[in-house]
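First up is the structure itself, then whatever we jot down about it.
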Amino acid sequence: MDRARYSRFFIVVILLILSSFAIGATKLRVTTWAGAEEAALDEAIIAEFMRLNPEYEVVYEPVPGDYYQKILTDIGAGTPPDVILLDAEMIPAFVEGKYLTDINPFISRLSREGASGTNLDEYFPVLVDIFRSGRSLYALPKDTSPIGIFYNKNVFDQFGVPYPPENGWTMEEFAETVKKLSKDTDGDGKNDVWGFSFPSWVGVVVPILWAGGGEVFSPDFTKTSGYLNSDVNVGTYNFYMDLLAKGYAPTPQEASSLGGASALFYTGKVAMIITGRWFNVSIKSQIAKGADLKVGGASIPYASEESKATITYASGWAVPSNVADKSGATKLAAFLSSEYAQTKRCLEGGLAVSAIRSIAELQAAKDALDSTFIGMLDYARVPVGSLTKYYRPQFEDTWAEAFDRMNVGGETVKQAMDWAAATIDQYIEKGEK
């Protein structure tokens with residue numbers, strides 16, 4: 001064989017080898033609701049997965065609008081993404097619809113092989129529990145955001161009020177603090193600086209009721225009567241409504257007319273706001289723009305040490321039930337939750353609290369605010385929405401109407417909570433979600 005023919009033969013062989021690799025690569029699709037900033041981090045994480053696992057080609061498909069409609073349509077059409085991102089509160093409905101793979105068996109095997117992200121002991125236990133149903137596991141946690149209090153140190157300093165205790169505080173201590181922070185600075189007879197922003201959103205209401213010693217559903221999630229509208233819960237919410245009536249918080253209408261709770265917090269008009277750790281991202285953005293902000297974190301006030309509690313919200317990487325390569329999809333889902341991924345997303349990107357304890361500890365050392373919220377994971381509870389399909393949207397929507405009945409309709413807390421409990425129980429009896 002002459003040199004020219006040999007060269008052509010060699011090139012053909014090389015091309016055949018390369019094409020065999022390309023043909024042999026398993027294609028996996030990932031779908032999320034990520035915006036531009038988070039999508040860039042996801043793409044970097046996926047590139048690392050493909051570098052370490054060249055047998056896979058991963059196609060990244062963020063869907064910023066109508067996300068759940070899109071993935072349910074794809075699953076129903078038999079063309080599901082191999083990995084999907086699910087809010088924890090969507091898990092019950094997806095499990096009931098048999099849309100998800102129980103990834104436990106695949107995680108067990110992949111863990112023995114040393115695959116990244118498959119050692120469940122690395123994660124905070126509460127975050128793994130969020131995605132369990134019985135003995136099955138339906139997702140791995142991407143990251144998390146506990147609910148707590150952010151306080152504006154400048155307002156505390158201005159009025160000489162001590163900061164909240166680091167190890168937690170009672171409802172009585174909270175009430176005394178908001179009273180001292182609420183001021184009429186322009187002399188018109190009404191406060192224009194307030195101690196706190198009133199908690200009306202259901203995602204905050206549930207943990208403040210827990211911290212008051214109550215529950216919102218029965219243990220088997222078959223009813224809310226006697227739980228949501230219990231004397232304990234009525235008393236807890238009356239406690240906050242009384243602080244509102246005394247002028248220690250702006251009414252929701254006042255807050256809205258003045259630009260919202262966040263704007264009032266940034267400008268020193270509201271001293272404390274009860275929300276999720278995600279608010280830290282916004283705080284950092286304000287500081288980067290030149291805002292004079294010094295912010296601390298504190299726990300939700302509790303009725304007693306025994307009732308100290310919060311909630312932590314999370315999303316997780318799940319595998320639809322009708323994907324072709326469940327093992328490969330689970331391996332990718334685990335990598336998207338792995339130490340590498342959470343270092344990129346949480347430690348470097350700062351987008352949320354890491355679901356992996358070792359990475360969260362590095363976050364805590366780097367950011368005092370994060371340290372406070374990470375500490376809350378030791379007593380955080382699983383969101384109700386990841387345990388029952390009747391939370392979203394029925395419980396959420398019913399609570400929103402119940403609050404309107406109190407806030408503008410003139411009903412007492414007891415009347416509104418009785419109505420809400422009876423309404424949700426009707427949905428449960430009818431099987432409506």
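Identifiers in the structure tokens: chain A, B, ... in order shown; residue index from 1 per chain; ligand index from 1 in order shown.
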Give one line per residue of region 191-280 of chain A that approaches region 154-178 of chain A to at most 8 Å, naming the two atoms of the closest pair and their distance in Å to one decimal, counting only C-alpha atoms; sort by chain then ascending residue number and deliver it as a tab-separated table.
residue	atom	partner	partner_atom	distance
A:Trp194	CA	A:Val178	CA	7.3
A:Gly195	CA	A:Val178	CA	4.0
A:Phe196	CA	A:Val178	CA	6.4
A:Leu243	CA	A:Ala175	CA	7.3
A:Tyr248	CA	A:Val178	CA	6.2
A:Gly268	CA	A:Val155	CA	6.0
A:Ala271	CA	A:Val155	CA	5.9
Test item: residues at most 7 Å from region 414-424 of chain A, only C-alpha atoms, excluding those fewer than 6 positions along its chain, as a VMD selection string: chain A and resid 224 to 225 228 to 229 234 394 to 395 398 to 399 402 405 to 406
Shortest interatomic distance to Ser282 (chain A) - which of A:Leu377, A:Leu347, A:Val270, A:Ala352, counting only C-alpha atoms: A:Ala352
Residues of region 290-405 of chain A that have any atom at most 6 Å from an atom of region 66-87 of chain A: could you tabulate them with the shortest-distance atom pair and the distance in Å to one decimal, using only C-alpha atoms, ordered by chain and increasing number, as CSV?
residue,atom,partner,partner_atom,distance
A:Ser315,CA,A:Asp87,CA,4.3
A:Gly316,CA,A:Leu86,CA,5.4
A:Trp317,CA,A:Leu85,CA,4.7
A:Ala318,CA,A:Ile84,CA,5.3
A:Val319,CA,A:Val83,CA,4.8
A:Val323,CA,A:Asp82,CA,5.7
A:Ala329,CA,A:Asp82,CA,5.5
Contacts of Tyr60 (chain A) within 10 Å, only C-alpha atoms, excl. fewer than 4 positions in-chain, as a PyMOL selection string: chain A and resi 28-32+39+42-43+46+81+83
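Shortest separation to Glu55 (chain A) among A:Ala249, A:Val204, A:Ile130, A:Leu332 occurs at residue A:Leu332, atoms counted being only C-alpha atoms.
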